[in-house]
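*Asks:* File name work-v9.txt; file contents compact mmCIF, C-alpha atoms; full text below.
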```txt
# COMPACT_ATOMS: atom_id res chain seq x y z
CA MET U 1 0.00 0.00 0.00
CA LYS U 2 1.00 3.57 -0.57
CA ILE U 3 0.20 6.57 1.58
CA VAL U 4 0.48 9.99 -0.01
CA TYR U 5 0.56 12.99 2.32
CA MET U 6 -0.54 15.91 0.20
CA CYS U 7 -0.30 19.62 0.89
CA PHE U 8 0.18 22.89 -0.98
CA GLY U 9 3.88 22.99 -1.73
CA ARG U 10 5.23 19.65 -0.43
CA ALA U 11 7.46 21.56 1.93
CA HIS U 12 5.99 21.65 5.44
CA SER U 13 2.83 19.93 6.66
CA SER U 14 3.22 16.86 4.43
CA VAL U 15 6.90 16.56 5.36
CA VAL U 16 6.13 16.72 9.08
CA ALA U 17 3.17 14.32 8.80
CA SER U 18 5.32 11.80 6.91
CA ALA U 19 8.10 12.20 9.49
CA ILE U 20 5.61 11.45 12.29
CA HIS U 21 4.28 8.48 10.32
CA LEU U 22 7.77 7.06 9.76
CA GLY U 23 8.79 7.61 13.38
CA TYR U 24 11.36 10.34 12.77
CA LEU U 25 9.37 12.64 15.07
CA ASP U 26 7.93 11.55 18.41
CA PRO U 27 4.15 12.10 18.58
CA GLN U 28 4.34 12.29 22.41
CA ARG U 29 6.78 15.22 22.46
CA LYS U 30 6.49 18.50 20.63
CA PRO U 31 9.54 19.03 18.40
CA THR U 32 11.76 22.10 18.60
CA VAL U 33 12.36 24.46 15.69
CA GLN U 34 15.74 22.80 15.20
CA ASP U 35 14.16 19.32 15.08
CA LEU U 36 11.93 20.46 12.22
CA ILE U 37 14.58 22.35 10.32
CA LYS U 38 16.85 19.28 10.53
CA LEU U 39 14.30 17.19 8.59
CA PRO U 40 15.91 16.69 5.16
CA LEU U 41 12.89 17.78 3.11
CA PHE U 42 11.54 20.50 5.42
CA ASP U 43 11.14 23.81 3.58
CA THR U 44 13.21 22.69 0.61
CA SER U 45 10.79 22.10 -2.28
CA GLU U 46 10.86 24.10 -5.49
CA ALA U 47 8.12 24.96 -7.96
CA SER U 48 9.34 22.17 -10.25
CA ASP U 49 8.57 19.57 -7.53
CA ILE U 50 4.85 20.37 -7.56
CA GLY U 51 2.75 17.48 -8.86
CA ILE U 52 5.50 14.89 -8.47
CA PRO U 53 5.10 12.35 -5.65
CA LYS U 54 8.27 12.05 -3.58
CA PHE U 55 9.02 8.73 -1.89
CA VAL U 56 10.18 9.25 1.70
CA GLY U 57 10.33 5.75 3.15
CA TYR U 58 8.63 2.57 4.32
CA ASP U 59 6.60 2.48 7.53
CA GLN U 60 6.57 -0.36 10.07
CA GLU U 61 3.87 -2.22 8.13
CA GLY U 62 5.87 -2.04 4.90
CA CYS U 63 3.67 0.64 3.31
CA GLU U 64 5.37 3.15 1.06
CA VAL U 65 5.04 6.75 2.21
CA TYR U 66 5.08 9.63 -0.27
CA ILE U 67 4.65 13.38 -0.06
CA LEU U 68 3.06 15.47 -2.77
CA GLY U 69 2.39 19.16 -3.38
CA LEU U 70 -0.50 20.17 -5.60
CA ASN U 71 -0.64 23.94 -5.16
CA GLY U 72 -4.18 25.24 -5.53
CA CYS U 73 -5.38 22.25 -7.49
CA ARG U 74 -5.60 19.68 -4.73
CA ILE U 75 -9.15 18.51 -5.49
CA PRO U 76 -8.64 18.03 -9.28
CA GLY U 77 -5.21 16.52 -8.62
CA GLN U 78 -6.63 14.06 -6.12
CA SER U 79 -9.45 13.18 -8.56
CA ALA U 80 -6.86 12.57 -11.27
CA ILE U 81 -4.88 10.16 -9.08
CA GLU U 82 -8.01 8.34 -7.94
CA SER U 83 -9.38 7.97 -11.47
CA LEU U 84 -6.05 6.50 -12.59
CA ALA U 85 -6.58 3.54 -10.27
CA ALA U 86 -9.61 2.36 -12.26
CA ILE U 87 -7.90 2.99 -15.60
CA LEU U 88 -4.75 1.12 -14.66
CA GLU U 89 -6.79 -1.65 -13.02
CA VAL U 90 -5.19 -1.16 -9.64
CA PRO U 91 -7.30 -1.70 -6.49
CA SER U 92 -8.61 1.65 -5.26
CA TRP U 93 -7.36 1.00 -1.71
CA GLU U 94 -3.79 0.62 -2.99
CA VAL U 95 -3.15 4.37 -2.74
CA LEU U 96 -4.42 6.43 0.19
CA ILE U 97 -4.25 10.19 -0.28
CA VAL U 98 -4.27 12.28 2.88
CA GLU U 99 -4.55 16.04 2.83
CA THR U 100 -2.48 17.61 5.59
CA LEU U 101 -3.16 21.28 4.96
CA GLY U 102 -6.32 21.22 7.07
CA ALA U 103 -4.31 20.27 10.14
CA ILE U 104 -2.17 23.41 10.20
CA GLY U 105 -3.05 26.98 11.09
CA TRP U 106 -2.54 30.41 9.59
CA LEU U 107 0.91 30.95 11.13
CA ALA U 108 2.40 27.92 9.35
CA LYS U 109 0.71 28.96 6.10
CA LEU U 110 2.06 32.50 6.43
CA GLY U 111 5.59 31.23 7.12
CA GLY U 112 5.35 28.82 4.21
CA PHE U 113 4.21 31.59 1.90
CA LEU U 114 7.07 33.86 2.99
CA SER U 115 9.67 31.14 2.63
CA ARG U 116 8.58 29.28 -0.50
CA GLN U 117 6.65 31.85 -2.54
CA LEU U 118 8.48 35.06 -1.67
CA HIS U 119 11.84 33.35 -0.93
CA PHE U 120 12.22 35.19 2.42
CA VAL U 121 13.69 32.01 3.88
CA THR U 122 15.40 33.61 6.89
CA ILE U 123 12.12 35.07 8.11
CA GLY U 124 9.72 32.46 6.80
CA ARG U 125 11.39 29.25 7.94
CA PRO U 126 11.29 29.93 11.72
CA ILE U 127 7.72 31.22 11.40
CA VAL U 128 6.55 28.09 9.61
CA ALA U 129 8.39 25.92 12.14
CA HIS U 130 6.65 27.71 15.04
CA GLY U 131 3.34 27.39 13.21
CA ILE U 132 3.85 23.63 12.79
CA ILE U 133 4.80 23.26 16.47
CA ARG U 134 1.57 25.05 17.47
CA CYS U 135 -0.55 22.54 15.58
CA TYR U 136 1.68 19.51 16.08
CA GLY U 137 -1.03 17.72 18.05
CA GLN U 138 -3.47 17.94 15.14
CA LEU U 139 -0.87 16.54 12.73
CA CYS U 140 -0.22 13.66 15.16
CA GLU U 141 -3.98 12.99 15.37
CA LEU U 142 -4.19 12.98 11.58
CA VAL U 143 -1.34 10.48 11.29
CA GLU U 144 -2.91 8.34 14.00
CA SER U 145 -6.23 8.30 12.12
CA VAL U 146 -4.37 7.32 8.94
CA LYS U 147 -2.71 4.42 10.74
CA ARG U 148 -6.11 3.30 12.10
CA GLU U 149 -7.57 3.46 8.60
CA LEU U 150 -4.63 1.49 7.24
CA SER U 151 -5.17 -1.27 9.76
CA ILE U 152 -8.90 -1.40 8.85
CA ILE U 153 -8.08 -1.59 5.13
CA ALA U 154 -5.47 -4.27 5.76
CA ALA U 155 -7.97 -6.32 7.80
CA GLN U 156 -10.66 -5.97 5.12
CA HIS U 157 -8.20 -6.94 2.43
CA LYS U 158 -7.12 -9.99 4.43
CA GLU U 159 -10.79 -11.05 4.84
CA THR U 160 -11.44 -10.57 1.11
CA ARG U 161 -8.41 -12.66 0.24
CA GLN U 162 -9.55 -15.42 2.59
CA GLU U 163 -13.07 -15.36 1.11
CA THR U 164 -11.98 -15.46 -2.51
CA GLY U 165 -8.75 -17.37 -2.14
CA ASN U 166 -7.38 -15.08 -4.80
CA PRO U 167 -4.46 -12.89 -3.76
CA ASP U 168 -5.04 -10.57 -6.69
CA HIS U 169 -8.71 -10.01 -6.01
CA ARG U 170 -9.66 -6.47 -6.98
CA ARG U 171 -12.55 -4.43 -5.66
CA MET O 172 -1.54 4.33 -25.64
CA ASN O 173 -4.06 6.53 -23.85
CA VAL O 174 -5.26 9.55 -25.78
CA VAL O 175 -6.56 12.35 -23.57
CA TYR O 176 -8.50 15.31 -24.90
CA TYR O 177 -8.67 18.07 -22.34
CA CYS O 178 -10.38 21.42 -22.01
CA TRP O 179 -11.28 23.75 -19.17
CA ASP O 180 -14.23 21.89 -17.68
CA GLY O 181 -14.25 18.59 -19.57
CA ILE O 182 -17.94 19.02 -20.36
CA PHE O 183 -18.23 20.36 -23.90
CA ASP O 184 -15.07 20.67 -26.00
CA SER O 185 -13.15 17.58 -24.93
CA PRO O 186 -16.13 15.17 -25.18
CA MET O 187 -16.86 16.57 -28.64
CA ALA O 188 -13.23 15.96 -29.67
CA ALA O 189 -13.39 12.42 -28.29
CA MET O 190 -16.61 11.74 -30.20
CA ILE O 191 -15.04 13.01 -33.43
CA HIS O 192 -11.98 10.83 -32.76
CA LEU O 193 -14.16 7.77 -32.17
CA GLY O 194 -16.24 8.41 -35.28
CA TYR O 195 -19.55 9.25 -33.58
CA LEU O 196 -19.38 12.71 -35.15
CA SER O 197 -18.26 13.60 -38.65
CA GLU O 198 -14.83 15.18 -39.07
CA GLU O 199 -16.05 17.13 -42.08
CA ARG O 200 -19.23 18.93 -41.09
CA PRO O 201 -20.39 20.58 -37.87
CA PRO O 202 -22.84 18.49 -35.86
CA LYS O 203 -26.48 19.40 -35.38
CA ILE O 204 -27.87 20.14 -31.94
CA GLY O 205 -29.80 16.86 -31.98
CA GLU O 206 -26.60 14.92 -32.68
CA LEU O 207 -24.84 16.58 -29.75
CA MET O 208 -27.78 15.95 -27.44
CA ALA O 209 -27.72 12.26 -28.33
CA LEU O 210 -24.08 11.85 -27.28
CA PRO O 211 -23.63 10.08 -23.94
CA ASN O 212 -20.55 12.02 -22.82
CA TYR O 213 -21.38 15.48 -24.01
CA GLY O 214 -22.82 18.22 -21.75
CA ARG O 215 -22.61 16.18 -18.55
CA LEU O 216 -22.53 18.91 -15.93
CA ASP O 217 -21.63 16.51 -13.13
CA ARG O 218 -18.14 15.93 -14.52
CA GLN O 219 -15.36 16.50 -11.98
CA ALA O 220 -12.30 18.46 -12.98
CA GLY O 221 -9.16 16.33 -12.90
CA ARG O 222 -10.95 13.00 -13.32
CA LEU O 223 -10.21 11.02 -16.47
CA TYR O 224 -13.41 9.84 -18.16
CA PHE O 225 -13.22 6.94 -20.57
CA ALA O 226 -14.95 7.79 -23.87
CA GLY O 227 -14.17 4.63 -25.83
CA ALA O 228 -11.49 2.68 -27.68
CA ASP O 229 -10.64 3.64 -31.24
CA GLY O 230 -9.99 1.30 -34.14
CA HIS O 231 -6.29 1.11 -33.30
CA ASN O 232 -6.90 -0.17 -29.79
CA ASN O 233 -6.05 3.13 -28.13
CA ALA O 234 -8.20 4.28 -25.23
CA VAL O 235 -9.69 7.76 -25.56
CA PHE O 236 -10.38 9.86 -22.46
CA THR O 237 -11.76 13.29 -21.72
CA LEU O 238 -10.46 15.52 -18.98
CA GLY O 239 -11.27 18.87 -17.43
CA CYS O 240 -8.15 20.67 -16.26
CA LEU O 241 -9.49 24.10 -15.25
CA ASN O 242 -6.54 26.45 -15.69
CA LYS O 243 -3.96 23.94 -14.41
CA ALA O 244 -3.47 21.78 -17.48
CA ASP O 245 0.31 21.41 -17.11
CA LEU O 246 0.06 20.45 -13.46
CA ILE O 247 -2.75 17.91 -13.99
CA GLN O 248 -0.82 16.33 -16.87
CA ARG O 249 2.28 16.06 -14.70
CA VAL O 250 0.25 14.54 -11.85
CA ILE O 251 -1.25 11.91 -14.18
CA ARG O 252 2.09 10.97 -15.73
CA GLU O 253 4.02 10.88 -12.44
CA ALA O 254 1.29 9.19 -10.41
CA SER O 255 0.86 6.41 -12.98
CA ARG O 256 4.61 5.84 -13.00
CA GLN O 257 5.42 6.18 -9.32
CA LEU O 258 2.26 5.35 -7.42
CA TYR O 259 0.80 2.71 -9.71
CA ASN O 260 4.09 1.38 -11.18
CA SER O 261 2.57 1.55 -14.65
CA GLU O 262 4.31 2.27 -17.91
CA ALA O 263 1.08 3.47 -19.50
CA GLN O 264 1.65 6.30 -21.96
CA PHE O 265 -0.64 9.33 -22.00
CA LEU O 266 -0.89 11.71 -24.93
CA PHE O 267 -2.62 14.97 -24.11
CA PHE O 268 -4.33 17.20 -26.66
CA ASN O 269 -5.70 20.61 -25.80
CA CYS O 270 -9.06 21.22 -27.43
CA GLN O 271 -10.02 24.33 -25.52
CA SER O 272 -11.71 26.46 -28.14
CA ILE O 273 -12.82 29.47 -26.10
CA PRO O 274 -11.30 31.41 -23.17
CA ALA O 275 -11.69 29.96 -19.67
CA TRP O 276 -14.00 32.74 -18.48
CA ARG O 277 -16.46 31.90 -21.25
CA CYS O 278 -16.33 28.22 -20.28
CA PHE O 279 -17.05 29.20 -16.70
CA LEU O 280 -20.03 31.34 -17.76
CA ALA O 281 -21.32 28.63 -20.12
CA LYS O 282 -21.26 26.05 -17.33
CA ARG O 283 -22.99 28.42 -14.87
CA LEU O 284 -25.59 29.24 -17.46
CA ALA O 285 -26.26 25.59 -18.23
CA LEU O 286 -26.50 24.81 -14.52
CA ALA O 287 -28.86 27.72 -13.89
CA ASP O 288 -31.32 26.93 -16.65
CA PRO O 289 -31.72 23.96 -19.01
CA SER O 290 -32.27 26.35 -21.90
CA GLY O 291 -28.73 27.62 -21.26
CA MET O 292 -27.53 24.28 -22.57
CA ARG O 293 -28.73 25.23 -26.05
CA LEU O 294 -26.31 28.16 -26.01
CA CYS O 295 -23.54 25.75 -25.06
CA TYR O 296 -24.49 23.49 -27.96
CA ARG O 297 -24.33 26.47 -30.33
CA LYS O 298 -20.95 27.44 -28.89
CA SER O 299 -19.65 23.92 -29.56
CA ILE O 300 -21.02 23.92 -33.11
CA LYS O 301 -19.27 27.24 -33.73
CA SER O 302 -15.99 25.80 -32.39
CA PHE O 303 -16.27 22.64 -34.50
CA ALA O 304 -13.53 23.60 -36.97
CA LYS O 305 -10.98 24.22 -34.19
CA ILE O 306 -11.83 21.00 -32.37
CA ALA O 307 -11.81 18.92 -35.57
CA ALA O 308 -8.36 20.35 -36.35
CA VAL O 309 -7.10 19.19 -32.94
CA VAL O 310 -8.45 15.68 -33.61
CA LYS O 311 -6.77 15.62 -37.02
CA LYS O 312 -3.52 16.68 -35.39
CA ALA O 313 -3.94 13.95 -32.75
CA LYS O 314 -4.59 11.30 -35.41
CA ALA O 315 -1.59 12.46 -37.42
CA HIS O 316 0.52 12.27 -34.25
CA LEU O 317 -0.71 8.71 -33.65
CA GLY O 318 0.11 7.81 -37.23
CA TYR O 319 -3.47 7.18 -38.36
CA LEU O 320 -3.35 9.64 -41.29
```
Let's see the structure in the file written out as structure tokens.
*Replies:*
Amino acid sequence: MKIVYMCFGRAHSSVVASAIHLGYLDPQRKPTVQDLIKLPLFDTSEASDIGIPKFVGYDQEGCEVYILGLNGCRIPGQSAIESLAAILEVPSWEVLIVETLGAIGWLAKLGGFLSRQLHFVTIGRPIVAHGIIRCYGQLCELVESVKRELSIIAAQHKETRQETGNPDHRR
Amino acid sequence: MNVVYYCWDGIFDSPMAAMIHLGYLSEERPPKIGELMALPNYGRLDRQAGRLYFAGADGHNNAVFTLGCLNKADLIQRVIREASRQLYNSEAQFLFFNCQSIPAWRCFLAKRLALADPSGMRLCYRKSIKSFAKIAAVVKKAKAHLGYL
């Protein structure tokens, strides 16, 4: 299975959510600004990275974790990815797209805009880091809900396989 | 090969191009309103932007799709190509052809008008008939690109 954390510019909220998912950040302890800035992909994306899924690692269950930025076209972009599943005859549960932008507040968005859009990195990066720290709990909750959903999907898939006896059974 | 005709909303221009490509509409003469109304894919106001809609398979075994890209055509194309490669591990090829015949703001108004009143659809049909030459030229170009002509 593949989990895609999607946000505006693939620079902040999706990076932090994927880091929580992969265990690089502790959900029990709020990170410091330095912890966030040390993340390899934090606040580093360019305009040319938009629309391209970036693989960031495997989680404990062996699922592939990606991050993706879709600018202002998140709904059409998500529809495009979902419609591809049917066209390419891949089970729809194979790719789970999670929007992370809803979990962060205005301060992180302001910092992200200053750093990535206006290239005021010195000012914008600490602001976005503080903004992420403020809403870290919501990002952790989001990741937790994704993990719960993954376990439900995995259980359903296991049941379906047992019922059909066909490992390639497609919904 | 997957042939994708795209326009702003994926409701009028791209379905018409797909229907010309598949031979449901003549390449030579503009369609009549009745012919457009009889098409299954044309004028469907519930179409979602970004979603690929299968229109049919042509005589050369290529799948034909329609797509609404709003004003983010480059980004949507990149998402489709990269997602199929990276997320779905597919080597499927997508060829995109722009059949937008009128400016985006007119598409927006046409869709609003059609949503507001069923008689507004007739104006959209007329708009499509007027744009027939441009759309047929795009289909010809697509067929030449695919090596059909």
*Asks:* Report the distance between CA of Gln138 in chain U and CA of Tyr24 in chain U in Å, rounded to one decimal place.
*Replies:*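 Taking CA of Gln138 in chain U and CA of Tyr24 in chain U, their separation equals 16.8 Å.
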*Asks:* May I ask for the distance between CA of Gly72 in chain U and CA of Arg10 in chain U, given in Å to one decimal place?
*Replies:* 12.1 Å
*Asks:* Got a sec: who's within 6 Å of range 176-187 of chain O, counting only C-alpha atoms, leaving out chain neighbours fewer than 3 positions off, as a PyMOL selection string?
*Replies:* chain O and resi 190+212-215+237-241+267-271
*Asks:* Under the rule of at most 7 Å, produce a per-residue listing of chain U near chain O: chain, number, name, the closest pair of atoms, and the distance in Å, as CSV, using all atoms listed in the file.
*Replies:*
```
residue,atom,partner,partner_atom,distance
U:Gly51,CA,O:Val250,CA,4.9
U:Ile52,CA,O:Glu253,CA,5.8
U:Pro53,CA,O:Ala254,CA,6.9
U:Pro76,CA,O:Gly221,CA,4.0
U:Gly77,CA,O:Gly221,CA,5.8
U:Ser79,CA,O:Arg222,CA,5.0
U:Ala80,CA,O:Arg222,CA,4.6
U:Ile81,CA,O:Ala254,CA,6.4
U:Ser83,CA,O:Arg222,CA,5.6
U:Leu84,CA,O:Ser255,CA,6.9
```
*Asks:* Would you mind telling me which residue in U:Leu107, U:Ala19, U:Leu139, U:Cys73 lies nearest to Arg125 in chain U when using only C-alpha atoms?
*Replies:*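 Of U:Leu107, U:Ala19, U:Leu139, U:Cys73, the one nearest Arg125 in chain U, counting only C-alpha atoms, is U:Leu107.
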*Asks:* Would you kindly return, as a list in words, each protein, DNA or RNA residue with an atom no farther than 10 Å from any atom of Cys140 in chain U, considering only C-alpha atoms and excluding same-chain residues fewer than 4 positions away?
*Replies:*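 In the requested form, the answer reads Val16, Ala17, Ile20, His21, Leu25, Asp26, Pro27, Gln28, Lys30, Ala103, Cys135, Tyr136, Glu144, Ser145 and Val146 of chain U.
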*Asks:* Between CA of Ile3 in chain U and CA of Ser92 in chain U, what is the distance in Å, rounded to a tenth?
*Replies:*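 Those two atoms sit 12.2 Å apart.
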*Asks:* Determine the nearest neighbour of Arg200 in chain O from the options O:Lys301, O:Arg218, O:His231, O:Arg277, counting all atoms listed in the file.
*Replies:*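 Checking each candidate against Arg200 in chain O, we get O:Lys301 as the closest.
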*Asks:* Using all atoms listed in the file, find the one residue out of O:Ala228, O:Ile191, O:Met172, O:Met292 that sits nearest to His316 in chain O.
*Replies:*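 Among O:Ala228, O:Ile191, O:Met172, O:Met292, it is O:Met172 that comes nearest to His316 in chain O.
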